[in-house]
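Structure first, commentary second.
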Amino acid sequence: MSRRTSMYYADPDGNQVELQIDNFDTPEECHAWFFRPEFAENPIGLIFDPDDLAAKFHAGVPVAQLKHFGFLRMAPKSTMTESAASR
């Protein structure tokens with residue numbers, strides 16, 4: 001399961017916003033994750049293509065399936081930076 005899904009937005013005036021959701025079934029699972037080796041190894045997460053996520057969501061893919069690592073197509077970091085800057 002993707003532990004967090006985050007997106008970043010900068011508007012034309014330079015205001016920046018982070019939108020984040022924790023993908024856990026319970027608050028206890030979320031709290032425990034911070035003490036796992038997986039969190040220590042990669043607290044940032046994976047870069048994904050938000051357009052791919054939105055397309056799959058609108059196509060009816062269940063949210064539980066969207067939360068799994070490897071389901072979404074990963075995007076190159078340079079593409080994400082350009083994409084995020086244009087939003």
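Residue numbering restarts at 1 for every chain of the structure tokens, chains are lettered A, B, ... in their displayed order, and ligands are numbered from 1 as they appear.
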
Need to verify the contact set: Glu18 in chain A, 12 Å, only C-alpha atoms, exclusion of same-chain residues closer than 2 positions in sequence. Can you return it as a PyMOL selection string?
chain A and resi 5-11+15-16+20-21+84

Just the selected residues (all heavy atoms), exported as a short mmCIF file (atom, residue, chain, number, x, y, z; two decimals), in the first residue's frame, please.
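As written to disk, selection19.cif reads:
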data_model
loop_
_atom_site.label_atom_id
_atom_site.label_comp_id
_atom_site.auth_asym_id
_atom_site.auth_seq_id
_atom_site.Cartn_x
_atom_site.Cartn_y
_atom_site.Cartn_z
N THR A 5 -0.07 9.70 -0.09
CA THR A 5 -0.18 10.27 -1.42
C THR A 5 -0.11 11.79 -1.23
O THR A 5 -0.92 12.35 -0.50
CB THR A 5 -1.51 9.88 -2.10
OG1 THR A 5 -1.59 8.46 -2.15
CG2 THR A 5 -1.58 10.45 -3.51
N SER A 6 0.89 12.41 -1.85
CA SER A 6 1.07 13.85 -1.72
C SER A 6 1.17 14.49 -3.10
O SER A 6 1.73 13.90 -4.02
CB SER A 6 2.37 14.17 -0.96
OG SER A 6 2.33 13.67 0.33
N MET A 7 0.62 15.67 -3.20
CA MET A 7 0.74 16.45 -4.42
C MET A 7 1.06 17.88 -4.02
O MET A 7 0.63 18.35 -2.96
CB MET A 7 -0.55 16.39 -5.22
CG MET A 7 -0.87 15.00 -5.71
SD MET A 7 -2.34 14.93 -6.72
CE MET A 7 -1.77 15.78 -8.16
N TYR A 8 1.83 18.54 -4.85
CA TYR A 8 2.28 19.90 -4.56
C TYR A 8 1.81 20.83 -5.67
O TYR A 8 1.84 20.46 -6.84
CB TYR A 8 3.81 19.93 -4.44
CG TYR A 8 4.28 18.97 -3.39
CD1 TYR A 8 4.55 17.65 -3.70
CD2 TYR A 8 4.39 19.38 -2.06
CE1 TYR A 8 4.96 16.75 -2.72
CE2 TYR A 8 4.79 18.49 -1.08
CZ TYR A 8 5.07 17.17 -1.41
OH TYR A 8 5.45 16.30 -0.44
N TYR A 9 1.40 22.01 -5.30
CA TYR A 9 0.86 22.97 -6.26
C TYR A 9 1.45 24.34 -5.94
O TYR A 9 1.52 24.75 -4.79
CB TYR A 9 -0.67 23.01 -6.14
CG TYR A 9 -1.31 24.09 -6.96
CD1 TYR A 9 -1.49 23.94 -8.33
CD2 TYR A 9 -1.72 25.28 -6.37
CE1 TYR A 9 -2.07 24.93 -9.09
CE2 TYR A 9 -2.31 26.28 -7.12
CZ TYR A 9 -2.48 26.10 -8.48
OH TYR A 9 -3.05 27.08 -9.24
N ALA A 10 1.87 25.03 -6.99
CA ALA A 10 2.31 26.43 -6.85
C ALA A 10 1.47 27.26 -7.80
O ALA A 10 1.44 26.99 -9.00
CB ALA A 10 3.79 26.56 -7.17
N ASP A 11 0.77 28.26 -7.27
CA ASP A 11 -0.06 29.09 -8.14
C ASP A 11 0.79 30.21 -8.77
O ASP A 11 1.96 30.38 -8.42
CB ASP A 11 -1.28 29.62 -7.40
CG ASP A 11 -0.97 30.68 -6.35
OD1 ASP A 11 0.15 31.24 -6.35
OD2 ASP A 11 -1.85 30.97 -5.54
N ASN A 15 2.23 31.14 -4.30
CA ASN A 15 1.72 30.43 -3.13
C ASN A 15 1.86 28.93 -3.37
O ASN A 15 1.57 28.44 -4.45
CB ASN A 15 0.25 30.77 -2.88
CG ASN A 15 0.07 32.24 -2.62
OD1 ASN A 15 0.66 32.79 -1.69
ND2 ASN A 15 -0.73 32.90 -3.44
N GLN A 16 2.30 28.21 -2.35
CA GLN A 16 2.50 26.77 -2.49
C GLN A 16 1.62 26.02 -1.51
O GLN A 16 1.44 26.44 -0.37
CB GLN A 16 3.96 26.42 -2.26
CG GLN A 16 4.86 27.07 -3.30
CD GLN A 16 6.32 26.71 -3.10
OE1 GLN A 16 6.71 26.09 -2.12
NE2 GLN A 16 7.14 27.11 -4.04
N GLN A 20 -2.08 16.13 1.03
CA GLN A 20 -1.58 14.82 1.44
C GLN A 20 -2.68 14.01 2.08
O GLN A 20 -3.52 14.55 2.81
CB GLN A 20 -0.44 14.98 2.43
CG GLN A 20 0.08 13.67 2.98
CD GLN A 20 1.15 13.91 4.00
OE1 GLN A 20 2.14 14.55 3.73
NE2 GLN A 20 0.95 13.40 5.21
N ILE A 21 -2.67 12.72 1.80
CA ILE A 21 -3.58 11.80 2.47
C ILE A 21 -2.78 10.59 2.92
O ILE A 21 -1.91 10.11 2.21
CB ILE A 21 -4.76 11.37 1.57
CG1 ILE A 21 -5.75 10.52 2.34
CG2 ILE A 21 -4.26 10.66 0.32
CD1 ILE A 21 -7.06 10.30 1.63
N ALA A 84 4.22 19.49 -12.30
CA ALA A 84 3.78 20.20 -11.09
C ALA A 84 3.89 21.71 -11.29
O ALA A 84 3.05 22.48 -10.83
CB ALA A 84 4.60 19.76 -9.89
#

Can you write out as CSV which residues of range 44-73 of chain A fall within 12 Å of range 34-40 of chain A, alongside each residue's closest atom pair and its distance in Å to one decimal, counting only C-alpha atoms and ordering rows by chain and ascending residue number?
residue,atom,partner,partner_atom,distance
A:Ile44,CA,A:Phe39,CA,8.3
A:Gly45,CA,A:Phe39,CA,8.7
A:Leu46,CA,A:Phe39,CA,12.0

Could you tell me, as an MDAnalysis selection string, which residues of range 21-54 of chain A DSSP assigns to helix (DSSP H, G or I) when given the backbone?
chainID A and resid 27:33 37:41 50:54

Residue with the minimum atom-to-atom distance to Leu66 in chain A, picked from A:Glu29, A:Arg3, A:Asn42, A:Pro12 with only C-alpha atoms counted, is A:Arg3

In Å to one decimal, how far is CA of His31 in chain A from CA of Leu19 in chain A?
19.3 Å

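Going from CA of Leu53 in chain A to CA of Lys67 in chain A covers 9.9 Å.
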
Hey, can you check how far CA of Gly14 in chain A sits from CA of Phe48 in chain A?
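Computed distance, CA of Gly14 in chain A to CA of Phe48 in chain A, equals 23.1 Å.
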